[in-house]
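> Before we start, here is the structure in question, set down as C-alpha cells.
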Amino acid sequence: YETCRILVEQKEILSMQQLSERVTELRLGNMIDMMLLKTESDYIYEMEIAQRNGEIRFYYVDARTGQLLDNAIKEKSSFELPFFMKIDK
C-alpha cells in the first residue's frame, strides 16, 4: 500500500476514490481485492469485484487515466495475466 500511496501523492496514478468516481463497474459490487501491476510502461489496477448477483469478476483499469481496459473484464475461471508484474497490494 505504501507504493500506491507514494505514486498517488506524486500524481503518477489515481487514488481509489478517483477511480470509483470514473469507473462505474467498481460501484456495482463490493471490492474483494486490489493490486497495482506494472508493465514496462504502464500501471494497471487489478480489481476483484463481487457483483451483486454473486459473480466474481476481475477488472483491469489504467491507473493513470481510470480507463477500463478493453477486454479487461475476466471471470475468475479465466484469469491469466503472465505479462504483468505485481507492484503492491
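Chain labels A, B, ... are given in the sequence in which chains occur in the C-alpha cells; within each chain residues are numbered consecutively from 1, and ligands are likewise numbered from 1 in the order shown.
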Please list as a list in words every residue within 8 Å of A:Gly66, counting only C-alpha atoms and excluding residues in the same chain fewer than 6 positions away.
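Answer for this query is Leu14, Gln18, Leu19, Arg22 and Val23 of chain A.
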> Could the residues in this selection be written to a file with N, CA and C atoms, as a compact mmCIF listing (two decimals), in the first residue's frame?

# COMPACT_ATOMS: atom_id res chain seq x y z
N LEU A 14 -3.99 7.35 -10.14
CA LEU A 14 -5.19 7.86 -9.48
C LEU A 14 -5.42 7.14 -8.16
N GLN A 18 -10.75 8.45 -6.74
CA GLN A 18 -10.82 8.96 -8.11
C GLN A 18 -11.25 7.87 -9.08
N LEU A 19 -10.74 6.66 -8.88
CA LEU A 19 -11.13 5.54 -9.76
C LEU A 19 -12.60 5.22 -9.63
N ARG A 22 -14.74 7.45 -11.59
CA ARG A 22 -14.62 7.35 -13.05
C ARG A 22 -15.08 6.02 -13.63
N VAL A 23 -15.01 4.95 -12.85
CA VAL A 23 -15.29 3.61 -13.37
C VAL A 23 -16.56 3.07 -12.73
> Quick one: pull the distance between atom CA of A:Gly54 and atom CA of A:Tyr1, Å, one decimal.
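Separation between atom CA of A:Gly54 and atom CA of A:Tyr1: 27.1 Å.
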> Just to confirm, what's the straight-line distance from atom CA of A:Arg52 to atom CA of A:Arg5 in Å (one decimal)?
28.9 Å
> Measuring atom to atom with only C-alpha atoms, identify which of A:Leu69, A:Glu2, A:Ile49, A:Tyr60 is nearest to A:Arg27.
A:Ile49
> Please, what distance in Å, to one decimal, runs between atom CA of A:Leu37 and atom CA of A:Glu21?
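Between atom CA of A:Leu37 and atom CA of A:Glu21 the gap works out to 20.5 Å.
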> Apply DSSP to the structure's backbone, then extract all residues of stretch 4-75 of chain A labelled strand (DSSP E) and return them as a ChimeraX atom specification.
/A:29-38,43-51,56-62,68-75
